[in-house]
>>> print(open('data-v3.pdb').read())   # PDB, C-alpha atoms
ATOM      1  CA  MET A   1     100.288  50.794 109.136  1.00  0.00           C
ATOM      2  CA  ILE A   2     101.198  54.475 108.898  1.00  0.00           C
ATOM      3  CA  ARG A   3      99.184  55.912 106.017  1.00  0.00           C
ATOM      4  CA  VAL A   4     100.955  58.773 104.228  1.00  0.00           C
ATOM      5  CA  VAL A   5      99.912  61.252 101.537  1.00  0.00           C
ATOM      6  CA  VAL A   6     102.683  62.857  99.478  1.00  0.00           C
ATOM      7  CA  VAL A   7     102.118  66.326  97.995  1.00  0.00           C
ATOM      8  CA  ASP A   8     104.487  67.844  95.414  1.00  0.00           C
ATOM      9  CA  ASP A   9     103.949  69.404  92.004  1.00  0.00           C
ATOM     10  CA  GLU A  10     107.037  67.639  90.598  1.00  0.00           C
ATOM     11  CA  PRO A  11     106.197  64.039  89.586  1.00  0.00           C
ATOM     12  CA  MET A  12     109.823  62.938  89.989  1.00  0.00           C
ATOM     13  CA  VAL A  13     109.884  64.129  93.592  1.00  0.00           C
ATOM     14  CA  CYS A  14     106.605  62.354  94.343  1.00  0.00           C
ATOM     15  CA  ALA A  15     107.870  59.140  92.785  1.00  0.00           C
ATOM     16  CA  HIS A  16     111.142  59.361  94.736  1.00  0.00           C
ATOM     17  CA  LEU A  17     109.372  59.865  98.061  1.00  0.00           C
ATOM     18  CA  LYS A  18     106.909  57.049  97.337  1.00  0.00           C
ATOM     19  CA  THR A  19     109.765  54.645  96.570  1.00  0.00           C
ATOM     20  CA  ILE A  20     111.568  55.480  99.799  1.00  0.00           C
ATOM     21  CA  LEU A  21     108.499  55.278 102.027  1.00  0.00           C
ATOM     22  CA  SER A  22     107.130  52.106 100.421  1.00  0.00           C
ATOM     23  CA  SER A  23     110.354  50.309 101.324  1.00  0.00           C
ATOM     24  CA  ALA A  24     109.311  50.405 104.984  1.00  0.00           C
ATOM     25  CA  ALA A  25     107.066  47.544 106.103  1.00  0.00           C
ATOM     26  CA  ASP A  26     104.987  49.755 108.396  1.00  0.00           C
ATOM     27  CA  ILE A  27     104.356  52.657 105.956  1.00  0.00           C
ATOM     28  CA  GLU A  28     101.756  52.793 103.190  1.00  0.00           C
ATOM     29  CA  VAL A  29     101.634  55.634 100.656  1.00  0.00           C
ATOM     30  CA  ALA A  30      97.863  55.998 100.456  1.00  0.00           C
ATOM     31  CA  GLY A  31      97.808  58.777  97.865  1.00  0.00           C
ATOM     32  CA  SER A  32      99.510  61.762  96.306  1.00  0.00           C
ATOM     33  CA  ALA A  33      98.608  65.248  95.116  1.00  0.00           C
ATOM     34  CA  ALA A  34     100.118  67.923  92.887  1.00  0.00           C
ATOM     35  CA  ASP A  35      98.782  71.042  94.620  1.00  0.00           C
ATOM     36  CA  GLY A  36      97.164  72.213  97.826  1.00  0.00           C
ATOM     37  CA  ALA A  37      93.565  71.769  96.714  1.00  0.00           C
ATOM     38  CA  GLU A  38      94.229  68.155  95.705  1.00  0.00           C
ATOM     39  CA  ALA A  39      96.056  67.662  99.008  1.00  0.00           C
ATOM     40  CA  VAL A  40      92.992  68.581 101.061  1.00  0.00           C
ATOM     41  CA  GLU A  41      90.839  66.241  98.954  1.00  0.00           C
ATOM     42  CA  ALA A  42      93.382  63.432  99.364  1.00  0.00           C
ATOM     43  CA  VAL A  43      93.419  63.869 103.144  1.00  0.00           C
ATOM     44  CA  ILE A  44      89.609  63.687 103.299  1.00  0.00           C
ATOM     45  CA  ARG A  45      89.553  60.636 101.018  1.00  0.00           C
ATOM     46  CA  HIS A  46      92.471  58.609 102.439  1.00  0.00           C
ATOM     47  CA  ARG A  47      92.551  59.730 106.113  1.00  0.00           C
ATOM     48  CA  PRO A  48      96.365  59.525 106.432  1.00  0.00           C
ATOM     49  CA  ARG A  49      98.270  59.927 109.680  1.00  0.00           C
ATOM     50  CA  VAL A  50     101.048  61.929 107.995  1.00  0.00           C
ATOM     51  CA  VAL A  51     101.159  64.314 105.025  1.00  0.00           C
ATOM     52  CA  LEU A  52     104.440  65.335 103.384  1.00  0.00           C
ATOM     53  CA  MET A  53     103.647  68.773 101.957  1.00  0.00           C
ATOM     54  CA  ASP A  54     105.666  70.770  99.452  1.00  0.00           C
ATOM     55  CA  LEU A  55     105.292  74.476 100.238  1.00  0.00           C
ATOM     56  CA  ARG A  56     105.721  76.166  96.893  1.00  0.00           C
ATOM     57  CA  MET A  57     103.285  74.918  94.259  1.00  0.00           C
ATOM     58  CA  PRO A  58     101.185  76.559  91.543  1.00  0.00           C
ATOM     59  CA  GLY A  59      97.505  77.034  92.273  1.00  0.00           C
ATOM     60  CA  VAL A  60      96.788  76.470  95.959  1.00  0.00           C
ATOM     61  CA  ASP A  61     100.155  76.528  97.732  1.00  0.00           C
ATOM     62  CA  GLY A  62     101.299  74.372 100.616  1.00  0.00           C
ATOM     63  CA  LEU A  63     100.802  77.030 103.286  1.00  0.00           C
ATOM     64  CA  THR A  64      97.121  77.448 102.391  1.00  0.00           C
ATOM     65  CA  ALA A  65      96.686  73.681 102.296  1.00  0.00           C
ATOM     66  CA  ILE A  66      98.218  73.315 105.771  1.00  0.00           C
ATOM     67  CA  GLU A  67      95.769  75.886 107.135  1.00  0.00           C
ATOM     68  CA  ARG A  68      92.808  74.096 105.522  1.00  0.00           C
ATOM     69  CA  ILE A  69      93.900  70.661 106.715  1.00  0.00           C
ATOM     70  CA  ALA A  70      94.352  71.974 110.272  1.00  0.00           C
ATOM     71  CA  GLU A  71      90.655  72.895 110.274  1.00  0.00           C
ATOM     72  CA  LEU A  72      89.534  69.337 109.432  1.00  0.00           C
ATOM     73  CA  PRO A  73      88.258  66.970 112.157  1.00  0.00           C
ATOM     74  CA  ASP A  74      91.137  64.922 113.602  1.00  0.00           C
ATOM     75  CA  PRO A  75      93.723  66.321 111.136  1.00  0.00           C
ATOM     76  CA  PRO A  76      96.890  64.386 110.266  1.00  0.00           C
ATOM     77  CA  ALA A  77     100.405  65.554 111.064  1.00  0.00           C
ATOM     78  CA  VAL A  78     101.575  67.710 108.153  1.00  0.00           C
ATOM     79  CA  VAL A  79     105.322  67.883 107.577  1.00  0.00           C
ATOM     80  CA  ALA A  80     106.516  70.676 105.295  1.00  0.00           C
ATOM     81  CA  LEU A  81     109.024  69.829 102.570  1.00  0.00           C
ATOM     82  CA  THR A  82     111.436  72.552 101.518  1.00  0.00           C
ATOM     83  CA  THR A  83     114.591  73.322  99.600  1.00  0.00           C
ATOM     84  CA  PHE A  84     115.136  76.364 101.867  1.00  0.00           C
ATOM     85  CA  ASP A  85     114.913  79.027  99.215  1.00  0.00           C
ATOM     86  CA  ALA A  86     112.224  80.702 101.335  1.00  0.00           C
ATOM     87  CA  ASP A  87     112.990  80.232 105.026  1.00  0.00           C
ATOM     88  CA  SER A  88     110.414  82.796 106.170  1.00  0.00           C
ATOM     89  CA  TYR A  89     107.774  80.783 104.305  1.00  0.00           C
ATOM     90  CA  VAL A  90     108.771  77.704 106.297  1.00  0.00           C
ATOM     91  CA  ILE A  91     108.363  79.594 109.575  1.00  0.00           C
ATOM     92  CA  ARG A  92     104.883  80.682 108.443  1.00  0.00           C
ATOM     93  CA  ALA A  93     104.062  77.040 107.727  1.00  0.00           C
ATOM     94  CA  LEU A  94     105.025  76.044 111.261  1.00  0.00           C
ATOM     95  CA  ARG A  95     102.845  78.823 112.646  1.00  0.00           C
ATOM     96  CA  ALA A  96      99.978  77.606 110.435  1.00  0.00           C
ATOM     97  CA  GLY A  97     100.086  74.204 112.086  1.00  0.00           C
ATOM     98  CA  ALA A  98     102.812  72.141 110.376  1.00  0.00           C
ATOM     99  CA  ALA A  99     104.227  69.402 112.606  1.00  0.00           C
ATOM    100  CA  GLY A 100     107.750  70.115 111.407  1.00  0.00           C
ATOM    101  CA  PHE A 101     109.735  70.257 108.224  1.00  0.00           C
ATOM    102  CA  LEU A 102     112.296  68.348 106.244  1.00  0.00           C
ATOM    103  CA  VAL A 103     114.639  69.253 103.450  1.00  0.00           C
ATOM    104  CA  LYS A 104     113.958  67.304 100.278  1.00  0.00           C
ATOM    105  CA  SER A 105     117.505  65.932 100.342  1.00  0.00           C
ATOM    106  CA  THR A 106     116.903  64.135 103.676  1.00  0.00           C
ATOM    107  CA  PRO A 107     118.577  60.676 103.518  1.00  0.00           C
ATOM    108  CA  PRO A 108     116.075  57.821 102.971  1.00  0.00           C
ATOM    109  CA  GLU A 109     116.724  56.165 106.327  1.00  0.00           C
ATOM    110  CA  ASP A 110     116.192  59.481 108.146  1.00  0.00           C
ATOM    111  CA  LEU A 111     113.000  60.211 106.190  1.00  0.00           C
ATOM    112  CA  ILE A 112     111.400  56.922 107.197  1.00  0.00           C
ATOM    113  CA  GLY A 113     112.316  57.421 110.846  1.00  0.00           C
ATOM    114  CA  LEU A 114     111.015  60.989 110.898  1.00  0.00           C
ATOM    115  CA  VAL A 115     107.696  59.947 109.342  1.00  0.00           C
ATOM    116  CA  ARG A 116     107.297  57.473 112.213  1.00  0.00           C
ATOM    117  CA  VAL A 117     108.069  60.236 114.705  1.00  0.00           C
ATOM    118  CA  ALA A 118     105.450  62.505 113.088  1.00  0.00           C
ATOM    119  CA  ALA A 119     102.887  59.697 113.170  1.00  0.00           C
ATOM    120  CA  ASP A 120     103.415  59.463 116.934  1.00  0.00           C
ATOM    121  CA  GLY A 121     102.470  63.121 117.293  1.00  0.00           C
ATOM    122  CA  HIS A 122     105.924  64.611 117.769  1.00  0.00           C
ATOM    123  CA  THR A 123     107.599  67.539 116.021  1.00  0.00           C
ATOM    124  CA  VAL A 124     109.998  66.466 113.292  1.00  0.00           C
ATOM    125  CA  LEU A 125     113.106  68.278 112.141  1.00  0.00           C
ATOM    126  CA  SER A 126     115.839  66.727 110.087  1.00  0.00           C
ATOM    127  CA  PRO A 127     119.329  67.749 111.346  1.00  0.00           C
ATOM    128  CA  GLU A 128     119.878  69.982 108.319  1.00  0.00           C
ATOM    129  CA  ALA A 129     116.427  71.503 108.740  1.00  0.00           C
ATOM    130  CA  ALA A 130     117.109  72.283 112.396  1.00  0.00           C
ATOM    131  CA  ARG A 131     120.362  74.058 111.514  1.00  0.00           C
ATOM    132  CA  ARG A 132     118.643  76.062 108.792  1.00  0.00           C
ATOM    133  CA  LEU A 133     115.755  77.027 111.081  1.00  0.00           C
ATOM    134  CA  VAL A 134     118.148  78.297 113.744  1.00  0.00           C
ATOM    135  CA  ALA A 135     119.974  80.327 111.102  1.00  0.00           C
ATOM    136  CA  ALA A 136     116.708  81.678 109.701  1.00  0.00           C
ATOM    137  CA  SER A 137     115.454  82.630 113.159  1.00  0.00           C
ATOM    138  CA  ALA A 138     118.716  84.382 113.949  1.00  0.00           C
ATOM    139  CA  GLY A 139     118.520  86.275 110.655  1.00  0.00           C
ATOM    140  CA  GLU A 140     114.915  87.256 111.349  1.00  0.00           C
ATOM    141  CA  GLN A 141     115.841  88.520 114.820  1.00  0.00           C
ATOM    142  CA  HIS A 142     118.729  90.540 113.382  1.00  0.00           C
ATOM    143  CA  ARG A 143     116.420  92.115 110.779  1.00  0.00           C
ATOM    144  CA  ALA A 144     113.901  92.971 113.495  1.00  0.00           C
ATOM    145  CA  GLU A 145     116.588  94.618 115.631  1.00  0.00           C
ATOM    146  CA  ARG A 146     117.816  96.684 112.689  1.00  0.00           C
ATOM    147  CA  ALA A 147     114.252  97.707 111.841  1.00  0.00           C
ATOM    148  CA  ARG A 148     113.563  98.771 115.424  1.00  0.00           C
ATOM    149  CA  ASP A 149     116.757 100.830 115.419  1.00  0.00           C
ATOM    150  CA  ARG A 150     115.634 102.569 112.226  1.00  0.00           C
ATOM    151  CA  ILE A 151     112.203 103.496 113.550  1.00  0.00           C
ATOM    152  CA  SER A 152     113.619 104.807 116.844  1.00  0.00           C
ATOM    153  CA  VAL A 153     113.942 108.237 115.160  1.00  0.00           C
ATOM    154  CA  LEU A 154     110.143 108.484 114.851  1.00  0.00           C
ATOM    155  CA  SER A 155     107.730 110.114 117.262  1.00  0.00           C
ATOM    156  CA  GLU A 156     105.015 108.027 118.918  1.00  0.00           C
ATOM    157  CA  ARG A 157     102.399 109.320 116.480  1.00  0.00           C
ATOM    158  CA  GLU A 158     104.654 108.600 113.490  1.00  0.00           C
ATOM    159  CA  VAL A 159     105.094 105.036 114.730  1.00  0.00           C
ATOM    160  CA  GLN A 160     101.302 104.679 114.829  1.00  0.00           C
ATOM    161  CA  VAL A 161     101.045 105.947 111.258  1.00  0.00           C
ATOM    162  CA  LEU A 162     103.815 103.568 110.192  1.00  0.00           C
ATOM    163  CA  GLY A 163     101.932 100.632 111.700  1.00  0.00           C
ATOM    164  CA  CYS A 164      98.861 101.642 109.715  1.00  0.00           C
ATOM    165  CA  LEU A 165     100.956 101.741 106.546  1.00  0.00           C
ATOM    166  CA  GLY A 166     102.124  98.220 107.291  1.00  0.00           C
ATOM    167  CA  SER A 167      98.487  97.146 107.453  1.00  0.00           C
ATOM    168  CA  GLY A 168      97.950  98.539 103.950  1.00  0.00           C
ATOM    169  CA  LEU A 169      95.658 101.394 104.983  1.00  0.00           C
ATOM    170  CA  SER A 170      95.173 104.436 102.757  1.00  0.00           C
ATOM    171  CA  ASN A 171      95.707 107.984 104.022  1.00  0.00           C
ATOM    172  CA  ALA A 172      91.937 108.344 104.418  1.00  0.00           C
ATOM    173  CA  ASP A 173      91.728 105.120 106.435  1.00  0.00           C
ATOM    174  CA  ILE A 174      94.650 106.170 108.636  1.00  0.00           C
ATOM    175  CA  ALA A 175      93.051 109.565 109.227  1.00  0.00           C
ATOM    176  CA  ALA A 176      89.806 107.928 110.327  1.00  0.00           C
ATOM    177  CA  ARG A 177      91.560 105.431 112.601  1.00  0.00           C
ATOM    178  CA  LEU A 178      93.822 107.980 114.309  1.00  0.00           C
ATOM    179  CA  HIS A 179      91.302 110.846 114.299  1.00  0.00           C
ATOM    180  CA  LEU A 180      93.500 113.068 112.137  1.00  0.00           C
ATOM    181  CA  SER A 181      92.873 115.058 108.986  1.00  0.00           C
ATOM    182  CA  GLU A 182      93.970 113.448 105.746  1.00  0.00           C
ATOM    183  CA  SER A 183      96.375 116.337 105.061  1.00  0.00           C
ATOM    184  CA  THR A 184      98.005 115.760 108.448  1.00  0.00           C
ATOM    185  CA  VAL A 185      98.462 112.091 107.647  1.00  0.00           C
ATOM    186  CA  LYS A 186     100.077 112.986 104.320  1.00  0.00           C
ATOM    187  CA  SER A 187     102.514 115.230 106.191  1.00  0.00           C
ATOM    188  CA  TYR A 188     103.352 112.450 108.648  1.00  0.00           C
ATOM    189  CA  VAL A 189     103.943 109.988 105.821  1.00  0.00           C
ATOM    190  CA  SER A 190     106.194 112.395 103.918  1.00  0.00           C
ATOM    191  CA  ARG A 191     108.304 113.097 107.009  1.00  0.00           C
ATOM    192  CA  MET A 192     108.560 109.413 107.853  1.00  0.00           C
ATOM    193  CA  LEU A 193     109.788 108.465 104.399  1.00  0.00           C
ATOM    194  CA  VAL A 194     112.575 111.014 104.746  1.00  0.00           C
ATOM    195  CA  LYS A 195     113.511 110.000 108.298  1.00  0.00           C
ATOM    196  CA  LEU A 196     113.527 106.299 107.441  1.00  0.00           C
ATOM    197  CA  ASP A 197     115.212 106.752 104.060  1.00  0.00           C
ATOM    198  CA  CYS A 198     112.385 104.828 102.393  1.00  0.00           C
ATOM    199  CA  ALA A 199     111.679 105.433  98.720  1.00  0.00           C
ATOM    200  CA  ASN A 200     107.930 104.799  98.990  1.00  0.00           C
ATOM    201  CA  ARG A 201     105.043 103.643 101.174  1.00  0.00           C
ATOM    202  CA  THR A 202     105.676  99.998 100.309  1.00  0.00           C
ATOM    203  CA  GLN A 203     109.205 100.084 101.721  1.00  0.00           C
ATOM    204  CA  ALA A 204     107.909 101.806 104.854  1.00  0.00           C
ATOM    205  CA  GLY A 205     105.192  99.161 105.212  1.00  0.00           C
ATOM    206  CA  LEU A 206     107.753  96.351 104.964  1.00  0.00           C
ATOM    207  CA  LEU A 207     109.829  98.069 107.617  1.00  0.00           C
ATOM    208  CA  ALA A 208     106.762  98.149 109.876  1.00  0.00           C
ATOM    209  CA  HIS A 209     106.447  94.372 109.469  1.00  0.00           C
ATOM    210  CA  GLU A 210     110.123  93.768 110.222  1.00  0.00           C
ATOM    211  CA  ALA A 211     109.963  95.959 113.331  1.00  0.00           C
ATOM    212  CA  GLY A 212     107.030  93.971 114.681  1.00  0.00           C
ATOM    213  CA  LEU A 213     104.499  96.799 114.609  1.00  0.00           C
ATOM    214  CA  LEU A 214     101.784  94.473 113.283  1.00  0.00           C
ATOM    215  CA  PRO A 215     100.169  91.566 115.159  1.00  0.00           C
TER     216      PRO A 215
END
>>> encode(input="data-v3.pdb", output="structure tokens")
Amino acid sequence: MIRVVVVDDEPMVCAHLKTILSSAADIEVAGSAADGAEAVEAVIRHRPRVVLMDLRMPGVDGLTAIERIAELPDPPAVVALTTFDADSYVIRALRAGAAGFLVKSTPPEDLIGLVRVAADGHTVLSPEAARRLVAASAGEQHRAERARDRISVLSEREVQVLGCLGSGLSNADIAARLHLSESTVKSYVSRMLVKLDCANRTQAGLLAHEAGLLP
């Protein structure tokens, strides 16, 4: 039997998934959870082979739960569930250790088959999810290219300061890291905001992320 834990903060969604999965002779829904903290407890208690994990939940979200489950001994395959209103969040989930992801509207027959695939240790992507991921990746690459074009007007030192901004460092912290005076850092930041047409440090920091200046 393939033991599955279903995690979603909407009871109707949980009930729907349980009904679909329980119709398969080789799948047992061992438990369910309404947030990430409960999900980790359910995995420890029921030892499932597969977890269907909603990403956006109050309290402990799905991304945090995936990271915690990945640290457990012999962790199950965790498949992220999404409605694709936050594609970048899905990509983060995959990087955190998710075995794949499915849209919540996946047809019942496909869902059962994909749970079996996940239980065998393979990556799972519903056809719609694969198309959305390709589109999201293409959009992310386009944003990165635009961001790199924008920062091409900066000097090497200004790029270093911008990377520090993206890490959330204060002017004092940046000065200490780059061996500059705090007044010099303030001057760099002011010039950068003008060159990049950014209204504030937060916008500049986001641009640093998009341009790939941070690990």
>>> resolve_selection(input="data-v3.pdb", expression="the PyMOL selection byres ((chain A and resi 146-161) around 8)", output="PyMOL selection string")
chain A and resi 142-145+162-165+174+185+188-189+192+195-196+207-208+210-211
>>> closest_atom_pairs(input="data-v3.pdb", of="region 56-120 of chain A", to="region 21-24 of chain A", cutoff="9 Å", atoms="only C-alpha atoms", output="Markdown table")
| residue | atom | partner | partner_atom | distance |
| --- | --- | --- | --- | --- |
| A:Pro108 | CA | A:Leu21 | CA | 8.0 |
| A:Leu111 | CA | A:Leu21 | CA | 7.9 |
| A:Ile112 | CA | A:Leu21 | CA | 6.2 |
| A:Val115 | CA | A:Leu21 | CA | 8.7 |
>>> atom_distance(input="data-v3.pdb", atom1="CA of Leu81 (chain A)", atom2="CA of Asp26 (chain A)")
21.3 Å
>>> atom_distance(input="data-v3.pdb", atom1="CA of Met57 (chain A)", atom2="CA of Glu10 (chain A)")
9.0 Å
>>> axis_aligned_box(input="data-v3.pdb", around="region 211-214 of chain A", padding_each_side="4 Å", output="AutoDock Vina command-line options")
--center_x 105.9 --center_y 95.4 --center_z 114.0 --size_x 16.2 --size_y 10.8 --size_z 9.4
>>> atom_distance(input="data-v3.pdb", atom1="CA of Ala34 (chain A)", atom2="CA of Pro58 (chain A)")
8.8 Å
>>> residues_near_point(input="data-v3.pdb", point="(110.2, 71.9, 103.1)", cutoff="8 Å", atoms="all atoms listed in the file", output="PyMOL selection string")
chain A and resi 53-55+79-84+90+101-104
>>> write_last_selection(input="data-v3.pdb", atoms="C-alpha atoms", output="PDB file, in the frame of the given file")
ATOM      1  CA  MET A  53     103.647  68.773 101.957  1.00  0.00           C
ATOM      2  CA  ASP A  54     105.666  70.770  99.452  1.00  0.00           C
ATOM      3  CA  LEU A  55     105.292  74.476 100.238  1.00  0.00           C
ATOM      4  CA  VAL A  79     105.322  67.883 107.577  1.00  0.00           C
ATOM      5  CA  ALA A  80     106.516  70.676 105.295  1.00  0.00           C
ATOM      6  CA  LEU A  81     109.024  69.829 102.570  1.00  0.00           C
ATOM      7  CA  THR A  82     111.436  72.552 101.518  1.00  0.00           C
ATOM      8  CA  THR A  83     114.591  73.322  99.600  1.00  0.00           C
ATOM      9  CA  PHE A  84     115.136  76.364 101.867  1.00  0.00           C
ATOM     10  CA  VAL A  90     108.771  77.704 106.297  1.00  0.00           C
ATOM     11  CA  PHE A 101     109.735  70.257 108.224  1.00  0.00           C
ATOM     12  CA  LEU A 102     112.296  68.348 106.244  1.00  0.00           C
ATOM     13  CA  VAL A 103     114.639  69.253 103.450  1.00  0.00           C
ATOM     14  CA  LYS A 104     113.958  67.304 100.278  1.00  0.00           C
TER      15      LYS A 104
END
>>> closest_residue(input="data-v3.pdb", among="A:Ile66, A:Leu180, A:Ile27, A:Leu72", to="Ile44 (chain A)", atoms="all atoms listed in the file")
A:Leu72
